[in-house]
Amino acid sequence: TGERTRSRALKRLATHDEKPEPVQRSKRLSCFAREFLSAVSSFYSIGTLGIYENSLRHFLNAVGDQPLSSITAQHIDIFRQRRLREVSPTTSNLNLRSLRSAFSYAVRWQWLSTNPFTRVPLCKVPERSPLFFSAEDFKRLVSGIKEKWLKSIVILAACTGMRRGEVVNLKWRDVDLAQKELRIESSGGYRTKCGKRRAIPLNIVALQLLEELSKDRLSDYVVTVEGRKVREPYLS
């Protein structure tokens, strides 16, 4: 053992016999993406899951299937510059925020000690003046739509501020014509943004439209195509 005393030699041998601790390999990005999307699928809406999936896929394509512990600020900068060549700064920032949120799960799961996206600066978005439809502009827009179901969706969205998924998933049970309001809430096949429930008052235009649609109900859904639910991809 190279030790001069018996006690120190025995101590060295005892240390030598100890088994080394196994080295835990870092999860790879593709594995994390799969497990993260599976873990959050029950409490995020389809739209939000799509944003997460899109952001993780583009990040994986940009930096490769890296171990999570190997991802650095340089990888993120490469991804950000690549996305800015493909999409607007607003979309690029949406990707960065989604990835920062996703990687917070990796930290909580103890797959990472720190979140590499925490201090990543967002892209500068040029300021633009808000655009508004005049009443005449909106009338021209609606008059140019031939499909009744699409015209109904446009009017409801404009009059209530509902999101695309909220309009196509709106059911007659959520409509209260007497109280002149709609109830937006999650259901078995649809989850609202953040899972929140809210009531929306109806103006005269939305109320008249719903009263007209209620005369010829073909489905539990308010807006349909020949009695069939409108699929969200039709409106993308």
# chains A, B, ... in the order shown; residues from 1 in each chain; ligands from 1
>>> closest_atom_pairs(of="region 112-195 of chain A", to="region 217-220 of chain A", cutoff="8 Å", atoms="only C-alpha atoms", output="CSV")
residue,atom,partner,partner_atom,distance
A:Lys171,CA,A:Asp220,CA,5.5
A:Trp172,CA,A:Asp220,CA,5.9
A:Arg173,CA,A:Asp220,CA,7.7
>>> residues_around(residues="region 134-140 of chain A", least_positions_apart="2", cutoff="10 Å", atoms="only C-alpha atoms", output="number ranges by chain")
A: 131-132, 142-145, 154-155, 158
>>> write_last_selection(atoms="N, CA, C and O atoms", output="mmCIF file, in the first residue's frame")
data_model
loop_
_atom_site.group_PDB
_atom_site.id
_atom_site.type_symbol
_atom_site.label_atom_id
_atom_site.label_comp_id
_atom_site.auth_asym_id
_atom_site.auth_seq_id
_atom_site.Cartn_x
_atom_site.Cartn_y
_atom_site.Cartn_z
ATOM 1 N N LEU A 131 -53.471 48.297 -35.451
ATOM 2 C CA LEU A 131 -54.350 48.413 -36.612
ATOM 3 C C LEU A 131 -55.790 48.145 -36.178
ATOM 4 O O LEU A 131 -56.055 47.235 -35.397
ATOM 5 N N PHE A 132 -56.708 48.916 -36.699
ATOM 6 C CA PHE A 132 -58.115 48.761 -36.350
ATOM 7 C C PHE A 132 -58.957 48.687 -37.617
ATOM 8 O O PHE A 132 -58.658 49.337 -38.626
ATOM 9 N N VAL A 142 -66.922 40.934 -43.998
ATOM 10 C CA VAL A 142 -67.967 39.937 -43.790
ATOM 11 C C VAL A 142 -68.755 39.675 -45.073
ATOM 12 O O VAL A 142 -69.085 38.526 -45.384
ATOM 13 N N SER A 143 -69.030 40.726 -45.833
ATOM 14 C CA SER A 143 -69.805 40.547 -47.061
ATOM 15 C C SER A 143 -69.047 39.735 -48.107
ATOM 16 O O SER A 143 -69.661 39.132 -48.995
ATOM 17 N N GLY A 144 -67.729 39.689 -47.984
ATOM 18 C CA GLY A 144 -66.931 38.920 -48.937
ATOM 19 C C GLY A 144 -66.813 37.440 -48.593
ATOM 20 O O GLY A 144 -66.250 36.663 -49.363
ATOM 21 N N ILE A 145 -67.327 37.035 -47.436
ATOM 22 C CA ILE A 145 -67.254 35.632 -47.017
ATOM 23 C C ILE A 145 -68.520 34.909 -47.470
ATOM 24 O O ILE A 145 -69.627 35.295 -47.078
ATOM 25 N N VAL A 154 -66.309 34.513 -37.850
ATOM 26 C CA VAL A 154 -65.682 35.828 -37.899
ATOM 27 C C VAL A 154 -66.485 36.838 -37.082
ATOM 28 O O VAL A 154 -65.921 37.623 -36.306
ATOM 29 N N ILE A 155 -67.794 36.818 -37.225
ATOM 30 C CA ILE A 155 -68.633 37.766 -36.484
ATOM 31 C C ILE A 155 -68.558 37.509 -34.979
ATOM 32 O O ILE A 155 -68.412 38.432 -34.175
ATOM 33 N N ALA A 158 -65.176 38.635 -33.622
ATOM 34 C CA ALA A 158 -65.049 40.090 -33.575
ATOM 35 C C ALA A 158 -65.908 40.709 -32.476
ATOM 36 O O ALA A 158 -65.508 41.676 -31.830
#
>>> residues_around(residues="region 93-96 of chain A", least_positions_apart="2", cutoff="8 Å", atoms="only C-alpha atoms", output="ChimeraX atom specification")
/A:51-52,54-55,80,89-91,98-100,117,122-123
>>> residues_around(residues="Cys159 (chain A)", least_positions_apart="2", cutoff="7 Å", atoms="only C-alpha atoms", output="PyMOL selection string")
chain A and resi 155-157+161+203+206
>>> write_last_selection(atoms="N, CA and C atoms", output="mmCIF file, in the first residue's frame")
data_model
loop_
_atom_site.group_PDB
_atom_site.id
_atom_site.type_symbol
_atom_site.label_atom_id
_atom_site.label_comp_id
_atom_site.auth_asym_id
_atom_site.auth_seq_id
_atom_site.Cartn_x
_atom_site.Cartn_y
_atom_site.Cartn_z
ATOM 1 N N ILE A 155 -67.794 36.818 -37.225
ATOM 2 C CA ILE A 155 -68.633 37.766 -36.484
ATOM 3 C C ILE A 155 -68.558 37.509 -34.979
ATOM 4 N N LEU A 156 -68.653 36.240 -34.582
ATOM 5 C CA LEU A 156 -68.584 35.915 -33.154
ATOM 6 C C LEU A 156 -67.242 36.315 -32.556
ATOM 7 N N ALA A 157 -66.163 36.030 -33.279
ATOM 8 C CA ALA A 157 -64.832 36.375 -32.776
ATOM 9 C C ALA A 157 -64.680 37.887 -32.626
ATOM 10 N N GLY A 161 -64.464 38.676 -28.810
ATOM 11 C CA GLY A 161 -63.060 38.545 -28.457
ATOM 12 C C GLY A 161 -62.647 37.115 -28.168
ATOM 13 N N ASN A 203 -73.171 41.512 -27.424
ATOM 14 C CA ASN A 203 -73.736 42.746 -27.962
ATOM 15 C C ASN A 203 -74.885 42.389 -28.909
ATOM 16 N N ALA A 206 -73.940 40.014 -32.001
ATOM 17 C CA ALA A 206 -73.707 38.614 -31.628
ATOM 18 C C ALA A 206 -75.002 37.951 -31.188
#
>>> select_by_dssp(residues="region 30-233 of chain A", states="helix (DSSP H, G or I)", output="PyMOL selection string")
chain A and resi 30-40+46-63+68-70+73-86+89-108+135-143+148-160+164-168+172-174+193-195+204-214+232-233
>>> atom_distance(atom1="CA of Leu170 (chain A)", atom2="CA of Arg97 (chain A)")
29.2 Å
>>> atom_distance(atom1="CA of Leu207 (chain A)", atom2="CA of Arg164 (chain A)")
18.6 Å
>>> select_by_dssp(residues="region 11-234 of chain A", states="strand (DSSP E)", output="PyMOL selection string")
chain A and resi 175-176+181-184+198-201+224-225+228-229
>>> closest_residue(among="A:Glu147, A:Glu181, A:Asp174, A:Asp65", to="Thr160 (chain A)", atoms="only C-alpha atoms")
A:Glu181
>>> atom_distance(atom1="CA of Arg34 (chain A)", atom2="CA of Arg197 (chain A)")
29.3 Å
>>> residues_around(residues="Asp176 (chain A)", least_positions_apart="6", cutoff="10 Å", atoms="only C-alpha atoms", output="list in words")
Leu182, Arg183, Pro201, Leu202, Leu207 and Leu210 of chain A
>>> write_last_selection(atoms="C-alpha atoms", output="PDB file, in the first residue's frame")
ATOM      1  CA  LEU A 182     -71.686  33.124 -23.187  1.00  0.00           C
ATOM      2  CA  ARG A 183     -69.805  30.889 -20.764  1.00  0.00           C
ATOM      3  CA  PRO A 201     -71.579  39.562 -22.554  1.00  0.00           C
ATOM      4  CA  LEU A 202     -73.263  39.579 -25.973  1.00  0.00           C
ATOM      5  CA  LEU A 207     -77.084  38.118 -29.975  1.00  0.00           C
ATOM      6  CA  LEU A 210     -76.952  33.366 -32.186  1.00  0.00           C
TER       7      LEU A 210
END
>>> closest_residue(among="A:Gln179, A:Thr48, A:Ser38, A:Thr224", to="Lys148 (chain A)", atoms="only C-alpha atoms")
A:Thr224
